[in-house]
Structures are given as structure tokens and as C-alpha cells.
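Okay, so here's the structure we're looking at.
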Amino acid sequence: MAARINIPPSLHIGANAIDLAGQEFKRLRRKHVLIVSDPFIVGSGLTGRVSDILSEEGITSTTFGDVQPDPTDRNVRDGLAILKENECDSLIAVGGGSSIDTAKGISVLATNSGSLFDFMGYDRIPKAGLPLIAVPTTAGTGSECTKVTVITDTDRDVKMMILDPYLLPAAALVDYKLTMSMPKSLTAHVGVDTLTHGIEAYVSKKANPMTDTIALSCITLVGLHLRNACNDPKNEIAREGMMLSASQGGMAFANSSVCLVHGMSRPIGAMFHVPHGLSNAMLLPTVTEFSILGAMPRYANVARTLGLSRGSDSDEDACGMLIEGLIALNEELEVPRISEYGISQKQFASVVEKMASDALASGSPQNNPIVPDADEIITLYLNAY
Ligand code: NAD
């Protein structure tokens, strides 16, 4: 089957790309912008800076700054009300994946009736939303480059995944300078999210030659820069490398797919509010070990691309080194086990069946090199606990 590739029509990548926000909205013929962000970013002064950049081009703005991590349908509803009240004709998301995903949800609900729940899954949004410019401040989810939004349905405690080209930002301003303020733990968690995007896009049943190239580049950059970005936060080369890697990870997975790690990670986020990158990291070694036999040459190539194995090693040896390397990376980045995150065994066991069923319902595990059944997913959760 032919591969379909969707990426934003305009990408500006590099230091101070954020300064182009006004020019981009002018190009899009927009006059009044909703700035979507979270309380930390608003407090840092960044949304004020964006408002000033827009003013220079004669564009006015209103700020909705209440996005919470792992955003919910309520966040989207609140932002939509402010957009309508102020008659905004476009949006700019300034923040991590949570702000960008919330803005995507607001954008499509501004022009479509119904609720986000109606759009869950692939290609179910009837009409294009209002134009959105994405400015990521984490590196990261890659959401600035994806046709994906992940919003929690608060009635059912499920992280809904919606995939549709209408969710693509009209432009992304990928400015690594905005990530320099990330503390070590956030840098680590979002960096492992990026690595997981690269790996899952590459081993997915939906991988294609275009996403393979981008995914391997993403993995190479993580291998080169993640440790330095964590241990030396002011290292601009490392920050720039991780920002590029994050955008590439988004491009790769959204045009291939994520697999079992993401499928199992979303229910942990929905149930226990573990940050998304961290829950991925908690699962990555266990799920990789389970999946290896389904795509051994590809996992071996991941090991070589990360610099964990040499070309002369057999695929089997390289895969062993990959597992060891992922465990060591988690230790170095101080990723706790699920049991060390304040989640009791009783709590975890009481929801593990629902989590397995929600994971399967998301569709992501079906793209994994080995497709598990519900019992195998339960075992994997308990092994990772
Ligand atoms: P986030 O947006 O939830 O932000 C986490 C925290 O980091 C917040 O408190 C925020 O204020 C803070 N923060 C953001 N930038 C900062 C900076 N530069 N310096 C210091 N602090 C900063 O985190 P995230 O990991 O970027 O996004 C996670 C969300 O993205 C999850 O809901 C996940 O499901 C979703 N996601 C979406 C896609 C997609 O393609 N749409 C892909 C992967 C993940």
C-alpha cells in the first residue's frame, strides 16, 4: 500500500524562530489570535513575549493559560469558550505537547459541531479547524509536526487519540532556545518520549521507507544529545539536537505509528497521572524485550544507531545490548519503576485489566512487531511494575 505522509506546510527550525510568529499570522491573513499555554509558561513571560511579537505586525491576541499536563476535554472546552467570547480567528500554542494538543482540539471544535469523542480514531473530523501555529517548549512530543492530538475523556478516564490531517498545525516554529529552561527530569522524560517515537515508528508494522529515514535520524540524535542535554542544561548543541530529534520523532511516528509502549503508557497516564514521557520510559525496556523477536533486524539496527552495538555484532547480540542499554539509560536518567512512583500494588492490580483493555482499544498495540492479547499486556504491566 502507498504510504501517506502528512507534515505541516510551514516549518521554521532554529534559534529565535519564535520571532516569526507575527509574519506567519500575517501570511495566513489572521487578525486576532488565541494564545494557548499553561500556567508555568505564562508565568515565565513567554506568552507576553508572543503577544508583543504579534503586536509588531498589528495582530491582537487573547491568552488562555490554563492548560494542565495531560490535557482533558474540560481544558479544550474552557479554551473554546474563550476563543468564541473573544472572536479569535486563529490560535498559537506555546508550550509542551499538552498546550499544542489542547490548541488542536480547540481549533477543530471551533469549526465542527459535536465533541472530540466523536472524532476519536483516524480521519473522522469533517472540516478543517482554525489555523494553528505550534511553538514547542519541550523536546519533546513532536506534536508540532503531527496530525495527532491526545486528550483525556474525563467521563471514562481514557486518553483519546485522534488522528486527522485537519489537526496539522498551519506552521511550526521550532526554536530550541525555548527548551533551555527545562529541568533535568523534564528533559529526561520528554527525551525518552522522543526516543520511543523513533523506535516505535521504525519497528511498527506501518513503517515505510520515508518514516524509516526520519526515525533513524531521530534515534541518532537522541544517542548523541540526550545525556548532554540532561547533564549540561546550558549546552546549546545538545538542546538543538534534541529539539530537532523531537520534531523528527513526531514526523516519523505520525506517518508510521506508535506501538505497544504508547498503547500501554496512555492508560497509566490516564489512571495515575504519570507524565507521558515518564510512563513511556518505565515501559520501554520491558516492552522492547517482549517485542524483539518480531523484528530482530530492526531492533538490532536501533542498537547500532544508538551506538550501543557495533556493525560486527550479530543481530541477537545487538538486541541484547539494546535491552541492557535501555535499562542503563533509565538508571542514569533516574527513571523510577512504577512501584517506586507512589502507586501501590493493590491500586495497580485493581485497574490492570481496564488498562490492558484500554491499551488494546487504542489500536496502537496492533502495530507492534508482536501483537499481544489482553493477558500478555497484563503480564507486561506486572513485569514493569
Ligand atoms: P507538557 O506539555 O505536559 O508539560 C509538562 C510540564 O513541563 C508543564 O508543567 C509545563 O509547564 C512544563 N514546561 C514546558 N516547557 C517548559 C520549559 N521550556 N521549561 C520548563 N518547564 C516547561 O509536557 P509534554 O511532555 O511536552 O507533553 C505531554 C503531552 O503530549 C501528553 O498529554 C501526551 O499524551 C501528549 N503527546 C502528544 C503527541 C502528539 O503528537 N499530539 C505526541 C506525544 C505526546
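If you're wondering about the labels, chains in the C-alpha cells are A, B, ... by order shown, residues count from 1 in each chain, ligands from 1 in order shown.
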So which residues of range 25-154 of chain A fall under helix (DSSP H, G or I) by DSSP, listed as a VMD selection string?
chain A and resid 25 to 27 39 to 43 46 to 55 73 to 85 97 to 109 116 to 119 143 to 145
Written file, previous selection with N, CA and C atoms, as a compact mmCIF listing (two decimals), in the first residue's frame:
```txt
# COMPACT_ATOMS: atom_id res chain seq x y z
N PHE A 25 1.32 34.72 10.93
CA PHE A 25 -0.12 35.01 11.01
C PHE A 25 -0.54 36.02 9.94
N LYS A 26 0.37 36.94 9.62
CA LYS A 26 0.07 37.91 8.55
C LYS A 26 -0.10 37.16 7.23
N ARG A 27 0.80 36.23 6.98
CA ARG A 27 0.71 35.41 5.77
C ARG A 27 -0.62 34.67 5.72
N PRO A 39 0.10 27.41 32.92
CA PRO A 39 0.44 28.44 33.92
C PRO A 39 1.94 28.69 34.05
N PHE A 40 2.77 27.65 33.95
CA PHE A 40 4.22 27.87 34.08
C PHE A 40 4.74 28.76 32.95
N ILE A 41 4.33 28.45 31.73
CA ILE A 41 4.84 29.21 30.57
C ILE A 41 4.32 30.65 30.63
N VAL A 42 3.06 30.82 31.04
CA VAL A 42 2.52 32.19 31.18
C VAL A 42 3.37 32.94 32.22
N GLY A 43 3.63 32.28 33.36
CA GLY A 43 4.41 32.91 34.43
C GLY A 43 5.84 33.24 34.00
N LEU A 46 6.73 34.08 28.61
CA LEU A 46 6.84 33.73 27.18
C LEU A 46 5.58 34.09 26.39
N THR A 47 4.41 33.91 27.01
CA THR A 47 3.18 34.27 26.26
C THR A 47 3.12 35.79 26.06
N GLY A 48 3.62 36.55 27.04
CA GLY A 48 3.68 38.01 26.88
C GLY A 48 4.60 38.37 25.72
N ARG A 49 5.72 37.65 25.63
CA ARG A 49 6.65 37.91 24.51
C ARG A 49 5.96 37.62 23.17
N VAL A 50 5.18 36.53 23.13
CA VAL A 50 4.48 36.19 21.87
C VAL A 50 3.48 37.29 21.53
N SER A 51 2.76 37.76 22.54
CA SER A 51 1.78 38.82 22.32
C SER A 51 2.47 40.06 21.73
N ASP A 52 3.65 40.40 22.25
CA ASP A 52 4.40 41.56 21.73
C ASP A 52 4.84 41.32 20.28
N ILE A 53 5.30 40.08 20.00
CA ILE A 53 5.76 39.76 18.63
C ILE A 53 4.59 39.94 17.65
N LEU A 54 3.38 39.50 18.09
CA LEU A 54 2.20 39.62 17.21
C LEU A 54 1.83 41.09 17.02
N SER A 55 1.91 41.86 18.11
CA SER A 55 1.54 43.29 18.03
C SER A 55 2.38 44.02 16.99
N ASP A 73 -10.73 16.97 28.16
CA ASP A 73 -11.81 17.58 27.37
C ASP A 73 -12.27 18.90 27.99
N ARG A 74 -12.15 19.01 29.33
CA ARG A 74 -12.56 20.26 30.01
C ARG A 74 -11.63 21.41 29.62
N ASN A 75 -10.31 21.11 29.53
CA ASN A 75 -9.37 22.16 29.09
C ASN A 75 -9.77 22.69 27.72
N VAL A 76 -10.12 21.75 26.83
CA VAL A 76 -10.47 22.14 25.46
C VAL A 76 -11.75 22.98 25.48
N ARG A 77 -12.72 22.54 26.28
CA ARG A 77 -13.99 23.28 26.36
C ARG A 77 -13.77 24.70 26.90
N ASP A 78 -12.94 24.83 27.95
CA ASP A 78 -12.67 26.16 28.53
C ASP A 78 -11.99 27.07 27.51
N GLY A 79 -11.02 26.51 26.79
CA GLY A 79 -10.29 27.31 25.80
C GLY A 79 -11.22 27.72 24.65
N LEU A 80 -12.10 26.81 24.27
CA LEU A 80 -13.03 27.10 23.17
C LEU A 80 -13.97 28.25 23.55
N ALA A 81 -14.42 28.25 24.82
CA ALA A 81 -15.31 29.32 25.28
C ALA A 81 -14.60 30.67 25.16
N ILE A 82 -13.33 30.72 25.54
CA ILE A 82 -12.59 31.99 25.49
C ILE A 82 -12.36 32.40 24.03
N LEU A 83 -12.08 31.42 23.19
CA LEU A 83 -11.90 31.72 21.76
C LEU A 83 -13.16 32.35 21.19
N LYS A 84 -14.31 31.77 21.53
CA LYS A 84 -15.58 32.27 20.96
C LYS A 84 -15.93 33.65 21.54
N GLU A 85 -15.78 33.77 22.86
CA GLU A 85 -16.07 35.05 23.54
C GLU A 85 -15.28 36.20 22.90
N GLY A 97 3.63 19.40 24.69
CA GLY A 97 2.60 18.67 23.95
C GLY A 97 1.21 18.95 24.48
N SER A 98 1.10 19.21 25.78
CA SER A 98 -0.24 19.42 26.36
C SER A 98 -0.88 20.68 25.79
N SER A 99 -0.11 21.77 25.69
CA SER A 99 -0.68 23.02 25.14
C SER A 99 -0.97 22.86 23.65
N ILE A 100 -0.06 22.21 22.94
CA ILE A 100 -0.27 22.06 21.49
C ILE A 100 -1.49 21.18 21.23
N ASP A 101 -1.63 20.08 21.99
CA ASP A 101 -2.77 19.19 21.77
C ASP A 101 -4.09 19.87 22.13
N THR A 102 -4.08 20.66 23.21
CA THR A 102 -5.30 21.38 23.59
C THR A 102 -5.70 22.34 22.48
N ALA A 103 -4.71 23.07 21.95
CA ALA A 103 -5.00 24.04 20.88
C ALA A 103 -5.54 23.33 19.64
N LYS A 104 -5.02 22.14 19.33
CA LYS A 104 -5.55 21.38 18.19
C LYS A 104 -7.02 21.05 18.41
N GLY A 105 -7.35 20.63 19.64
CA GLY A 105 -8.74 20.30 19.95
C GLY A 105 -9.63 21.52 19.82
N ILE A 106 -9.18 22.67 20.36
CA ILE A 106 -9.99 23.90 20.29
C ILE A 106 -10.18 24.28 18.81
N SER A 107 -9.10 24.19 18.05
CA SER A 107 -9.15 24.60 16.64
C SER A 107 -10.24 23.85 15.88
N VAL A 108 -10.32 22.54 16.05
CA VAL A 108 -11.31 21.79 15.25
C VAL A 108 -12.72 21.89 15.83
N LEU A 109 -12.83 22.11 17.16
CA LEU A 109 -14.19 22.28 17.70
C LEU A 109 -14.74 23.67 17.39
N LEU A 116 -15.13 16.00 20.95
CA LEU A 116 -13.89 15.35 20.49
C LEU A 116 -14.05 13.83 20.45
N PHE A 117 -14.87 13.33 21.35
CA PHE A 117 -15.10 11.88 21.41
C PHE A 117 -15.59 11.34 20.06
N ASP A 118 -16.38 12.19 19.34
CA ASP A 118 -16.89 11.77 18.02
C ASP A 118 -15.76 11.58 17.01
N PHE A 119 -14.62 12.22 17.28
CA PHE A 119 -13.53 12.23 16.29
C PHE A 119 -12.41 11.23 16.63
N SER A 143 4.60 17.04 18.78
CA SER A 143 3.22 17.35 18.40
C SER A 143 3.14 18.49 17.38
N GLU A 144 4.15 19.36 17.39
CA GLU A 144 4.16 20.48 16.42
C GLU A 144 4.18 19.97 14.98
N CYS A 145 4.60 18.72 14.79
CA CYS A 145 4.70 18.16 13.43
C CYS A 145 3.68 17.07 13.16
```
Leaving out range 120-134 of chain A and any residue of its chain fewer than 5 positions from it, which residues lie within 7 Å of it when counting only C-alpha atoms, given as a ChimeraX atom specification?
/A:89-94,100,107-108,110-112,144,160-164,166,169-173
State, in Å with one decimal place, the distance from CA of Asn86 in chain A to CA of Ile59 in chain A.
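Atom-to-atom, CA of Asn86 in chain A and CA of Ile59 in chain A are spaced 13.6 Å apart.
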Residues within 7 Å of ligand 1 should be enumerated using only C-alpha atoms and all ligand atoms and returned as a PDB file with N, CA and C atoms, in the first residue's frame.
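Listed below is the output, out36.pdb:
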```pdb
ATOM      1  N   ASP A  38       0.211  27.052  29.261  1.00  0.00           N
ATOM      2  CA  ASP A  38      -0.035  26.555  30.620  1.00  0.00           C
ATOM      3  C   ASP A  38       0.488  27.574  31.644  1.00  0.00           C
ATOM      4  N   PRO A  39       0.097  27.405  32.920  1.00  0.00           N
ATOM      5  CA  PRO A  39       0.436  28.436  33.922  1.00  0.00           C
ATOM      6  C   PRO A  39       1.944  28.695  34.046  1.00  0.00           C
ATOM      7  N   PHE A  40       2.767  27.646  33.951  1.00  0.00           N
ATOM      8  CA  PHE A  40       4.216  27.872  34.079  1.00  0.00           C
ATOM      9  C   PHE A  40       4.742  28.757  32.950  1.00  0.00           C
ATOM     10  N   ILE A  41       4.332  28.448  31.728  1.00  0.00           N
ATOM     11  CA  ILE A  41       4.841  29.206  30.574  1.00  0.00           C
ATOM     12  C   ILE A  41       4.321  30.654  30.625  1.00  0.00           C
ATOM     13  N   GLN A  68      -3.572  22.046  31.522  1.00  0.00           N
ATOM     14  CA  GLN A  68      -2.910  21.193  32.520  1.00  0.00           C
ATOM     15  C   GLN A  68      -2.151  20.079  31.802  1.00  0.00           C
ATOM     16  N   PRO A  69      -1.097  19.528  32.449  1.00  0.00           N
ATOM     17  CA  PRO A  69      -0.392  18.409  31.815  1.00  0.00           C
ATOM     18  C   PRO A  69      -1.365  17.263  31.525  1.00  0.00           C
ATOM     19  N   ASP A  70      -1.174  16.538  30.448  1.00  0.00           N
ATOM     20  CA  ASP A  70      -2.115  15.502  30.011  1.00  0.00           C
ATOM     21  C   ASP A  70      -3.517  16.107  29.952  1.00  0.00           C
ATOM     22  N   PRO A  71      -3.750  16.984  28.993  1.00  0.00           N
ATOM     23  CA  PRO A  71      -4.961  17.816  28.998  1.00  0.00           C
ATOM     24  C   PRO A  71      -6.243  17.001  28.832  1.00  0.00           C
ATOM     25  N   GLY A  95       4.037  25.979  24.325  1.00  0.00           N
ATOM     26  CA  GLY A  95       4.219  25.086  25.466  1.00  0.00           C
ATOM     27  C   GLY A  95       4.596  23.692  25.010  1.00  0.00           C
ATOM     28  N   GLY A  96       4.418  22.739  25.921  1.00  0.00           N
ATOM     29  CA  GLY A  96       4.723  21.354  25.583  1.00  0.00           C
ATOM     30  C   GLY A  96       3.584  20.721  24.791  1.00  0.00           C
ATOM     31  N   GLY A  97       3.632  19.398  24.695  1.00  0.00           N
ATOM     32  CA  GLY A  97       2.604  18.673  23.951  1.00  0.00           C
ATOM     33  C   GLY A  97       1.212  18.953  24.485  1.00  0.00           C
ATOM     34  N   SER A  98       1.098  19.215  25.783  1.00  0.00           N
ATOM     35  CA  SER A  98      -0.242  19.425  26.358  1.00  0.00           C
ATOM     36  C   SER A  98      -0.882  20.685  25.788  1.00  0.00           C
ATOM     37  N   SER A  99      -0.114  21.770  25.692  1.00  0.00           N
ATOM     38  CA  SER A  99      -0.677  23.020  25.144  1.00  0.00           C
ATOM     39  C   SER A  99      -0.967  22.859  23.653  1.00  0.00           C
ATOM     40  N   ASP A 101      -1.625  20.084  21.987  1.00  0.00           N
ATOM     41  CA  ASP A 101      -2.766  19.187  21.774  1.00  0.00           C
ATOM     42  C   ASP A 101      -4.086  19.870  22.133  1.00  0.00           C
ATOM     43  N   THR A 137       7.862  24.058  23.548  1.00  0.00           N
ATOM     44  CA  THR A 137       8.872  24.463  24.540  1.00  0.00           C
ATOM     45  C   THR A 137       9.481  23.256  25.238  1.00  0.00           C
ATOM     46  N   THR A 138       9.045  22.043  24.859  1.00  0.00           N
ATOM     47  CA  THR A 138       9.720  20.824  25.324  1.00  0.00           C
ATOM     48  C   THR A 138      10.260  20.105  24.091  1.00  0.00           C
ATOM     49  N   ALA A 139      11.211  19.213  24.319  1.00  0.00           N
ATOM     50  CA  ALA A 139      11.773  18.411  23.209  1.00  0.00           C
ATOM     51  C   ALA A 139      11.830  16.964  23.666  1.00  0.00           C
ATOM     52  N   GLY A 140      10.915  16.181  23.289  1.00  0.00           N
ATOM     53  CA  GLY A 140       9.551  16.526  23.183  1.00  0.00           C
ATOM     54  C   GLY A 140       8.707  15.528  22.387  1.00  0.00           C
ATOM     55  N   THR A 141       7.500  15.946  22.450  1.00  0.00           N
ATOM     56  CA  THR A 141       6.444  15.100  21.890  1.00  0.00           C
ATOM     57  C   THR A 141       6.440  15.102  20.361  1.00  0.00           C
ATOM     58  N   GLY A 142       6.967  16.197  19.777  1.00  0.00           N
ATOM     59  CA  GLY A 142       6.891  16.331  18.319  1.00  0.00           C
ATOM     60  C   GLY A 142       5.502  16.717  17.855  1.00  0.00           C
ATOM     61  N   SER A 143       4.598  17.043  18.781  1.00  0.00           N
ATOM     62  CA  SER A 143       3.215  17.351  18.403  1.00  0.00           C
ATOM     63  C   SER A 143       3.136  18.486  17.384  1.00  0.00           C
ATOM     64  N   THR A 146       2.748  16.836  14.097  1.00  0.00           N
ATOM     65  CA  THR A 146       1.862  15.680  13.916  1.00  0.00           C
ATOM     66  C   THR A 146       0.412  16.065  13.651  1.00  0.00           C
ATOM     67  N   LYS A 147      -0.290  15.112  13.051  1.00  0.00           N
ATOM     68  CA  LYS A 147      -1.737  15.249  12.826  1.00  0.00           C
ATOM     69  C   LYS A 147      -2.495  14.562  13.958  1.00  0.00           C
ATOM     70  N   VAL A 148      -1.892  14.599  15.149  1.00  0.00           N
ATOM     71  CA  VAL A 148      -2.412  13.831  16.289  1.00  0.00           C
ATOM     72  C   VAL A 148      -2.739  14.770  17.442  1.00  0.00           C
ATOM     73  N   THR A 149      -3.828  14.481  18.165  1.00  0.00           N
ATOM     74  CA  THR A 149      -3.997  15.096  19.478  1.00  0.00           C
ATOM     75  C   THR A 149      -4.399  14.011  20.473  1.00  0.00           C
ATOM     76  N   VAL A 150      -3.928  14.178  21.706  1.00  0.00           N
ATOM     77  CA  VAL A 150      -4.230  13.195  22.756  1.00  0.00           C
ATOM     78  C   VAL A 150      -4.898  13.958  23.896  1.00  0.00           C
ATOM     79  N   ILE A 151      -6.180  13.696  24.093  1.00  0.00           N
ATOM     80  CA  ILE A 151      -6.969  14.428  25.092  1.00  0.00           C
ATOM     81  C   ILE A 151      -7.685  13.414  25.983  1.00  0.00           C
ATOM     82  N   LEU A 178      13.865  27.863  23.444  1.00  0.00           N
ATOM     83  CA  LEU A 178      12.741  27.842  24.388  1.00  0.00           C
ATOM     84  C   LEU A 178      12.813  26.630  25.316  1.00  0.00           C
ATOM     85  N   THR A 179      13.668  25.671  24.997  1.00  0.00           N
ATOM     86  CA  THR A 179      13.767  24.467  25.844  1.00  0.00           C
ATOM     87  C   THR A 179      14.900  24.576  26.869  1.00  0.00           C
ATOM     88  N   MET A 180      15.667  25.663  26.817  1.00  0.00           N
ATOM     89  CA  MET A 180      16.847  25.761  27.691  1.00  0.00           C
ATOM     90  C   MET A 180      16.465  25.777  29.178  1.00  0.00           C
ATOM     91  N   SER A 181      15.214  26.173  29.470  1.00  0.00           N
ATOM     92  CA  SER A 181      14.801  26.271  30.878  1.00  0.00           C
ATOM     93  C   SER A 181      14.300  24.942  31.437  1.00  0.00           C
ATOM     94  N   MET A 182      14.267  23.883  30.617  1.00  0.00           N
ATOM     95  CA  MET A 182      13.736  22.611  31.135  1.00  0.00           C
ATOM     96  C   MET A 182      14.670  22.040  32.205  1.00  0.00           C
ATOM     97  N   PRO A 183      14.122  21.655  33.379  1.00  0.00           N
ATOM     98  CA  PRO A 183      14.961  20.988  34.382  1.00  0.00           C
ATOM     99  C   PRO A 183      15.369  19.586  33.907  1.00  0.00           C
ATOM    100  N   LEU A 186      12.550  16.809  33.508  1.00  0.00           N
ATOM    101  CA  LEU A 186      11.661  17.014  32.355  1.00  0.00           C
ATOM    102  C   LEU A 186      12.413  16.726  31.047  1.00  0.00           C
ATOM    103  N   VAL A 190      10.866  13.828  28.571  1.00  0.00           N
ATOM    104  CA  VAL A 190      10.404  14.127  27.213  1.00  0.00           C
ATOM    105  C   VAL A 190      11.392  13.590  26.178  1.00  0.00           C
ATOM    106  N   GLY A 250       8.176  13.118  15.887  1.00  0.00           N
ATOM    107  CA  GLY A 250       6.756  13.364  15.590  1.00  0.00           C
ATOM    108  C   GLY A 250       6.437  13.040  14.142  1.00  0.00           C
ATOM    109  N   ALA A 254       3.902   9.812  13.371  1.00  0.00           N
ATOM    110  CA  ALA A 254       2.555  10.169  12.895  1.00  0.00           C
ATOM    111  C   ALA A 254       2.313   9.667  11.472  1.00  0.00           C
ATOM    112  N   ARG A 266      -0.438   5.222  27.738  1.00  0.00           N
ATOM    113  CA  ARG A 266      -1.561   6.167  27.876  1.00  0.00           C
ATOM    114  C   ARG A 266      -2.473   5.788  29.052  1.00  0.00           C
ATOM    115  N   PRO A 275       3.478  11.575  34.179  1.00  0.00           N
ATOM    116  CA  PRO A 275       3.764  12.305  32.938  1.00  0.00           C
ATOM    117  C   PRO A 275       4.046  11.339  31.785  1.00  0.00           C
ATOM    118  N   HIS A 276       3.585  11.739  30.600  1.00  0.00           N
ATOM    119  CA  HIS A 276       3.583  10.843  29.448  1.00  0.00           C
ATOM    120  C   HIS A 276       4.973  10.256  29.132  1.00  0.00           C
ATOM    121  N   GLY A 277       5.983  11.110  29.090  1.00  0.00           N
ATOM    122  CA  GLY A 277       7.331  10.633  28.749  1.00  0.00           C
ATOM    123  C   GLY A 277       7.839   9.657  29.796  1.00  0.00           C
TER     124      GLY A 277
END
```
Using only C-alpha atoms, which protein or nucleic acid residues come within 9 Å of Ala303 in chain A? Drop anything in the same chain fewer than 5 positions from it, and give the result as a ChimeraX atom specification.
/A:298,308-310,318-323,325
May I have the selected residues written with all heavy atoms, as a PDB file, in the first residue's frame?
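What follows is the written file selection-v7.pdb:
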```pdb
ATOM      1  N   ARG A 298      15.510  -5.075  12.847  1.00  0.00           N
ATOM      2  CA  ARG A 298      15.220  -3.651  13.068  1.00  0.00           C
ATOM      3  C   ARG A 298      15.666  -3.215  14.474  1.00  0.00           C
ATOM      4  O   ARG A 298      16.271  -2.169  14.640  1.00  0.00           O
ATOM      5  CB  ARG A 298      13.731  -3.360  12.846  1.00  0.00           C
ATOM      6  CG  ARG A 298      13.417  -3.356  11.357  1.00  0.00           C
ATOM      7  CD  ARG A 298      12.109  -2.714  11.005  1.00  0.00           C
ATOM      8  NE  ARG A 298      12.130  -2.517   9.567  1.00  0.00           N
ATOM      9  CZ  ARG A 298      11.997  -1.346   8.950  1.00  0.00           C
ATOM     10  NH1 ARG A 298      11.771  -0.260   9.637  1.00  0.00           N
ATOM     11  NH2 ARG A 298      12.076  -1.261   7.656  1.00  0.00           N
ATOM     12  N   LEU A 308      25.030   1.552  20.731  1.00  0.00           N
ATOM     13  CA  LEU A 308      25.131   0.540  21.793  1.00  0.00           C
ATOM     14  C   LEU A 308      25.803  -0.728  21.293  1.00  0.00           C
ATOM     15  O   LEU A 308      26.195  -1.587  22.079  1.00  0.00           O
ATOM     16  CB  LEU A 308      23.726   0.185  22.302  1.00  0.00           C
ATOM     17  CG  LEU A 308      22.959   1.318  22.986  1.00  0.00           C
ATOM     18  CD1 LEU A 308      21.501   0.929  23.207  1.00  0.00           C
ATOM     19  CD2 LEU A 308      23.621   1.666  24.319  1.00  0.00           C
ATOM     20  N   SER A 309      25.899  -0.866  19.967  1.00  0.00           N
ATOM     21  CA  SER A 309      26.441  -2.100  19.396  1.00  0.00           C
ATOM     22  C   SER A 309      27.199  -1.751  18.116  1.00  0.00           C
ATOM     23  O   SER A 309      26.899  -0.732  17.476  1.00  0.00           O
ATOM     24  CB  SER A 309      25.255  -3.029  19.111  1.00  0.00           C
ATOM     25  OG  SER A 309      25.551  -3.902  18.066  1.00  0.00           O
ATOM     26  N   ARG A 310      28.176  -2.630  17.767  1.00  0.00           N
ATOM     27  CA  ARG A 310      28.935  -2.383  16.532  1.00  0.00           C
ATOM     28  C   ARG A 310      28.313  -3.167  15.381  1.00  0.00           C
ATOM     29  O   ARG A 310      27.597  -4.149  15.599  1.00  0.00           O
ATOM     30  CB  ARG A 310      30.386  -2.851  16.713  1.00  0.00           C
ATOM     31  CG  ARG A 310      31.217  -1.983  17.640  1.00  0.00           C
ATOM     32  CD  ARG A 310      32.581  -2.606  17.758  1.00  0.00           C
ATOM     33  NE  ARG A 310      32.424  -4.027  18.095  1.00  0.00           N
ATOM     34  CZ  ARG A 310      32.823  -4.572  19.216  1.00  0.00           C
ATOM     35  NH1 ARG A 310      33.436  -3.847  20.106  1.00  0.00           N
ATOM     36  NH2 ARG A 310      32.648  -5.860  19.459  1.00  0.00           N
ATOM     37  N   ALA A 318      23.205  -7.727  19.332  1.00  0.00           N
ATOM     38  CA  ALA A 318      22.861  -6.291  19.321  1.00  0.00           C
ATOM     39  C   ALA A 318      21.556  -6.051  20.085  1.00  0.00           C
ATOM     40  O   ALA A 318      21.430  -5.071  20.835  1.00  0.00           O
ATOM     41  CB  ALA A 318      22.745  -5.797  17.878  1.00  0.00           C
ATOM     42  N   CYS A 319      20.589  -6.965  19.918  1.00  0.00           N
ATOM     43  CA  CYS A 319      19.305  -6.805  20.624  1.00  0.00           C
ATOM     44  C   CYS A 319      19.500  -6.912  22.142  1.00  0.00           C
ATOM     45  O   CYS A 319      18.882  -6.184  22.917  1.00  0.00           O
ATOM     46  CB  CYS A 319      18.289  -7.830  20.133  1.00  0.00           C
ATOM     47  SG  CYS A 319      17.667  -7.414  18.494  1.00  0.00           S
ATOM     48  N   GLY A 320      20.374  -7.842  22.552  1.00  0.00           N
ATOM     49  CA  GLY A 320      20.691  -7.964  23.986  1.00  0.00           C
ATOM     50  C   GLY A 320      21.286  -6.655  24.501  1.00  0.00           C
ATOM     51  O   GLY A 320      20.944  -6.180  25.595  1.00  0.00           O
ATOM     52  N   MET A 321      22.183  -6.068  23.693  1.00  0.00           N
ATOM     53  CA  MET A 321      22.812  -4.805  24.112  1.00  0.00           C
ATOM     54  C   MET A 321      21.787  -3.663  24.155  1.00  0.00           C
ATOM     55  O   MET A 321      21.909  -2.738  24.955  1.00  0.00           O
ATOM     56  CB  MET A 321      23.943  -4.438  23.140  1.00  0.00           C
ATOM     57  CG  MET A 321      25.132  -5.384  23.257  1.00  0.00           C
ATOM     58  SD  MET A 321      26.325  -5.072  21.952  1.00  0.00           S
ATOM     59  CE  MET A 321      27.174  -6.648  21.879  1.00  0.00           C
ATOM     60  N   LEU A 322      20.785  -3.746  23.284  1.00  0.00           N
ATOM     61  CA  LEU A 322      19.746  -2.711  23.293  1.00  0.00           C
ATOM     62  C   LEU A 322      18.988  -2.738  24.618  1.00  0.00           C
ATOM     63  O   LEU A 322      18.801  -1.698  25.260  1.00  0.00           O
ATOM     64  CB  LEU A 322      18.779  -2.923  22.113  1.00  0.00           C
ATOM     65  CG  LEU A 322      17.606  -1.955  22.046  1.00  0.00           C
ATOM     66  CD1 LEU A 322      18.072  -0.503  21.887  1.00  0.00           C
ATOM     67  CD2 LEU A 322      16.659  -2.310  20.896  1.00  0.00           C
ATOM     68  N   ILE A 323      18.584  -3.937  25.034  1.00  0.00           N
ATOM     69  CA  ILE A 323      17.840  -4.034  26.311  1.00  0.00           C
ATOM     70  C   ILE A 323      18.703  -3.509  27.452  1.00  0.00           C
ATOM     71  O   ILE A 323      18.262  -2.687  28.270  1.00  0.00           O
ATOM     72  CB  ILE A 323      17.441  -5.505  26.614  1.00  0.00           C
ATOM     73  CG1 ILE A 323      16.577  -6.065  25.492  1.00  0.00           C
ATOM     74  CG2 ILE A 323      16.702  -5.609  27.947  1.00  0.00           C
ATOM     75  CD1 ILE A 323      15.297  -5.343  25.277  1.00  0.00           C
ATOM     76  N   GLY A 325      21.156  -1.470  27.300  1.00  0.00           N
ATOM     77  CA  GLY A 325      21.345  -0.025  27.131  1.00  0.00           C
ATOM     78  C   GLY A 325      20.129   0.772  27.582  1.00  0.00           C
ATOM     79  O   GLY A 325      20.261   1.829  28.192  1.00  0.00           O
TER      80      GLY A 325
END
```
Closest of A:Tyr176, A:Glu24, A:Leu278, A:His197 to Lys234 in chain A - atom-to-atom distances counting only C-alpha atoms
A:Tyr176
Spatial neighbours of Met242 in chain A, 7 Å, only C-alpha atoms, chain gap at least 2 places, as a count of residues only
11
Within 10 Å of Met282 in chain A, counting only C-alpha atoms, which residues qualify if same-chain residues fewer than 4 places away don't, as a ChimeraX atom specification?
/A:189,192,261,265,277-278,286-287,327,330,335-338,381,384-385
Tell me which of A:Ile219, A:Ala300, A:Met210, A:Ala270 sits closest to Asp157 in chain A, counting only C-alpha atoms.
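Residue with the minimum atom-to-atom distance to Asp157 in chain A: A:Ala270.
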